[in-house]
Structure formats: structure tokens, C-alpha cells
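This report refers to the structure that appears directly beneath it.
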Amino acid sequence: GRSGRHIPGVLKKQGDIESLNVMAEHANGGCQYAAWKEQVRALAIWNAPKLYEKISYIHANPVRRGLVKHPGDWLYSSYRFYEHEEQVCLPVVPIDC
């Protein structure tokens with residue numbers, strides 16, 4: 001909140017009209033400028049398939065980032081636990097769905 005209110009002021013002082021116009025286009029509600037993208041932070045997970053979908057998404061993060069070629073190659077991943085029931089370097093509590 002604080003930075004979102006501060007950023008437009010800095011841009012005004014710098015005369016960055018282009019950035020202010022973009023922020024104004026994305027503003028909603030009672031604000032004139034939107035410095036940050038609104039995003040849902042919580043997601044209800046009601047069933048096992050949805051839960052495993054989210055776990056798979058998380059396992060793929062290092063691959064998407066280009067840090068490893070396969071999710072199981074990431075040292076701190078629970079991928080090997082879920083896919084092969086192997087112990088991994090961090091403790092994993094099995095999901096009981």
C-alpha cells in the first residue's frame with residue numbers, strides 16, 4: 001500500500017507521463033493510479049486432483065526458470081517424494097486426501 005501510493009509521486013516528479021498513463025489505465029475503484037497488479041493470494045483447494053495440480057505447478061517452477069531440466073533435479077523439491085516415494089533433503093509430510 002505505502003509503495004503503491006509513493007511510486008506515482010516519484011514518477012510525477014520525474015515527469016514520467018508515459019508510466020503514469022499506463023498506471024492510470026489499470027487503476028480501478030477509488031484510486032487514480034495502480035502501481036501493482038491485483039492478484040488473488042488465496043486459492044481454495046477442494047479436491048485431491050486440484051491439490052496435485054498445484055503441487056505439480058510448484059515442482060515445475062525451477063524448470064520454467066531454467067535452473068534445472070527436470071523437476072526431480074531441483075535439490076529442494078518434494079518432486080521425488082511424490083513421484084517415487086524417495087526421501088528428500090527437506091522433511092515432507094504425506095498428503096492424506
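Starting from 1 in every chain, residues are counted up; chains themselves are A, B, ... following the order of the C-alpha cells, and ligands are numbered from 1 as listed.
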
Exercise. So which bits of chain A end up helix (DSSP H, G or I) when you DSSP the backbone, as JSON, numbers by chain?
Worked result: {"A": [2, 3, 4, 5, 6, 7, 8, 9, 10, 11, 12, 13, 14, 17, 18, 19, 20, 21, 22, 23, 24, 25, 48, 49, 50, 51, 52, 53, 54, 55, 56, 57, 58, 59, 60, 61, 62, 63, 64, 71, 72, 73, 79, 80, 81, 82, 83, 84]}

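Residues surrounding A:Asn47 within 12 Å are A:Tyr52, A:Glu53, A:Lys54, A:Ile95, A:Asp96, A:Cys97 [only C-alpha atoms; sequence separation below 5 positions excluded].
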
Please produce a file of the residues just selected, as a PDB file, in the first residue's frame, where the atoms kept are N, CA and C atoms.
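That gives us out.pdb:
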```pdb
ATOM      1  N   TYR A  52      -2.992 -31.776  -6.341  1.00  0.00           N
ATOM      2  CA  TYR A  52      -1.837 -32.296  -7.069  1.00  0.00           C
ATOM      3  C   TYR A  52      -1.490 -31.434  -8.279  1.00  0.00           C
ATOM      4  N   GLU A  53      -2.490 -30.784  -8.856  1.00  0.00           N
ATOM      5  CA  GLU A  53      -2.220 -29.835  -9.943  1.00  0.00           C
ATOM      6  C   GLU A  53      -1.334 -28.695  -9.432  1.00  0.00           C
ATOM      7  N   LYS A  54      -1.653 -28.177  -8.248  1.00  0.00           N
ATOM      8  CA  LYS A  54      -0.867 -27.078  -7.672  1.00  0.00           C
ATOM      9  C   LYS A  54       0.524 -27.540  -7.273  1.00  0.00           C
ATOM     10  N   ILE A  95       0.437 -36.184   2.061  1.00  0.00           N
ATOM     11  CA  ILE A  95      -0.896 -35.602   1.988  1.00  0.00           C
ATOM     12  C   ILE A  95      -1.895 -36.735   2.050  1.00  0.00           C
ATOM     13  N   ASP A  96      -2.850 -36.607   2.937  1.00  0.00           N
ATOM     14  CA  ASP A  96      -3.893 -37.620   3.075  1.00  0.00           C
ATOM     15  C   ASP A  96      -5.197 -37.036   2.576  1.00  0.00           C
ATOM     16  N   CYS A  97      -5.549 -37.354   1.323  1.00  0.00           N
ATOM     17  CA  CYS A  97      -6.780 -36.829   0.745  1.00  0.00           C
ATOM     18  C   CYS A  97      -7.822 -37.901   0.621  1.00  0.00           C
TER      19      CYS A  97
END
```

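For A:Pro91, the list of residues within 12 Å, based on only C-alpha atoms and with local chain neighbours fewer than 5 positions off taken out, reads Tyr76, Ser77, Ser78, Phe81 and Glu86 of chain A.
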
Residues from the last selection, C-alpha atoms, saved as a PDB file, in the first residue's frame:
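Ended up saving to part-v3.pdb:
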```
ATOM      1  CA  TYR A  76      14.993 -28.797  -2.504  1.00  0.00           C
ATOM      2  CA  SER A  77      11.976 -30.158  -4.359  1.00  0.00           C
ATOM      3  CA  SER A  78       9.452 -32.621  -2.974  1.00  0.00           C
ATOM      4  CA  PHE A  81       8.933 -37.798  -2.718  1.00  0.00           C
ATOM      5  CA  GLU A  86      12.070 -41.210  -2.155  1.00  0.00           C
TER       6      GLU A  86
END
```

For this session: Compare A:Pro71, A:Gln87, A:Ala44, A:His26 by their minimum atom-to-atom distance to A:Tyr57, counting only C-alpha atoms, and give me the closest one.
Result: A:Pro71

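Distance check against A:Cys31 using only C-alpha atoms: of A:Glu18, A:Ile55, A:Gly1, A:Lys12, the minimum falls on A:Gly1.
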
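Residue nearest A:Tyr82 within the list A:His59, A:Lys50, A:Arg41, A:Lys13: A:His59 [criterion: smallest interatomic distance, only C-alpha atoms].
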
For this session: Can you work out which one of A:Asp73, A:Glu38, A:Gly15, A:Gly29 has the shortest atom-to-atom distance to A:Asn61, counting only C-alpha atoms?
Result: A:Asp73

Problem set entry | Two-atom distance - atom CA of A:Ile17, atom CA of A:Ala35 (Å) | 13.7 Å
